[in-house]
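Asker: This is the structure I have questions about; it appears just below.
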Amino acid sequence: MIDLMVQERRLSKDAGKDLSKRLRKTGEELADGDVDKARKKLREFAEKLIELRKKDKISSSSYDTLAAATGQIAQAIG
């Protein structure tokens with residue numbers, strides 16, 4: 001999803017790399033069974049997402065999509 005947003009220029013390339021890295025780290029923590037660290041990494045992802053929107057480095061529709069997905073992931077983690 002993030003890669004597609006970069007390709008469509010709805011998200012800057014650098015921002016896309018940063019968000020992908022943060023989301024990947026969340027997944028790694030979950031895979032390792034460390035739910036607390038996964039929550040922390042997801043929170044960092046969400047904070048970065050907000051920062052990117054404030055700096056207009058992500059379109060509003062892409063922000064809305066990723067924010068909704070982040071909320072769903074947070075609910076699934078618990």
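Here, A, B, ... name the chains of the structure tokens in the order displayed, residue numbers run from 1 inside each chain, and ligands are numbered from 1 in the same displayed order.
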Give one line per residue of range 26-46 of chain A that approaches range 50-53 of chain A to at most 10 Å, naming the two atoms of the closest pair and their distance in Å to one decimal, counting only C-alpha atoms; sort by chain then ascending residue number and deliver it as a tab-separated table.
Answerer:
```
residue	atom	partner	partner_atom	distance
A:Glu44	CA	A:Ile50	CA	9.9
A:Phe45	CA	A:Ile50	CA	8.8
A:Ala46	CA	A:Ile50	CA	6.3
```
Asker: Create the file for the chosen residues now, containing C-alpha atoms and written as a short mmCIF file (atom, residue, chain, number, x, y, z; two decimals), in the first residue's frame.
Answerer:
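Dumped to again-v7.cif:
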```cif
data_model
loop_
_atom_site.label_atom_id
_atom_site.label_comp_id
_atom_site.auth_asym_id
_atom_site.auth_seq_id
_atom_site.Cartn_x
_atom_site.Cartn_y
_atom_site.Cartn_z
CA GLU A 44 5.86 5.73 16.47
CA PHE A 45 4.48 4.92 13.01
CA ALA A 46 1.28 6.82 13.82
#
```
Asker: What's around range 65-75 of chain A at 8 Å? Count only C-alpha atoms, leave out sequence neighbours fewer than 2 positions away in its own chain, and write the answer as a short mmCIF file (atom, residue, chain, number, x, y, z; two decimals) with C-alpha atoms, in the first residue's frame.
Answerer:
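Saved file part.cif follows:
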```cif
data_model
loop_
_atom_site.label_atom_id
_atom_site.label_comp_id
_atom_site.auth_asym_id
_atom_site.auth_seq_id
_atom_site.Cartn_x
_atom_site.Cartn_y
_atom_site.Cartn_z
CA ARG A 39 2.57 -1.28 20.26
CA LEU A 42 3.05 1.23 15.89
CA ALA A 46 1.28 6.82 13.82
CA LEU A 49 2.20 9.72 9.90
CA SER A 61 -6.58 10.63 1.24
CA SER A 62 -3.41 8.59 1.78
CA TYR A 63 -3.20 9.85 5.34
CA ILE A 77 -2.75 -6.10 18.66
CA GLY A 78 -4.95 -5.26 21.64
#
```
Asker: If you run DSSP over the backbone, which residues in chain A end up alpha helix (DSSP H)? Put them as number ranges by chain.
Answerer: A: 2-7, 13-31, 35-54, 60-77
Asker: So which residues touch Asp3 in chain A within 9 Å, counting only C-alpha atoms, skipping near sequence neighbours fewer than 2 positions away, as a VMD selection string?
Answerer: chain A and resid 1 5 to 8 11 13 16 to 17 20
Asker: What is the CA of Lys40 in chain A-CA of Glu28 in chain A distance in Å, reported with one decimal?
Answerer: 12.2 Å
Asker: Skipping near chain neighbours, those fewer than 3 positions away, what residues fall within 8 Å of Lys25 in chain A using only C-alpha atoms, listed as a list of chain:residue names?
Answerer: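 Returned residues: A:Lys21, A:Arg22, A:Glu28, A:Glu29, A:Ala38, A:Lys41.
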Asker: Go through A:Gly33, A:Arg10, A:Arg43, A:Leu23 one by one, measure the shortest atom-to-atom distance of each to Asp64 in chain A using only C-alpha atoms, and give the residue with the smallest value.
Answerer: A:Arg10
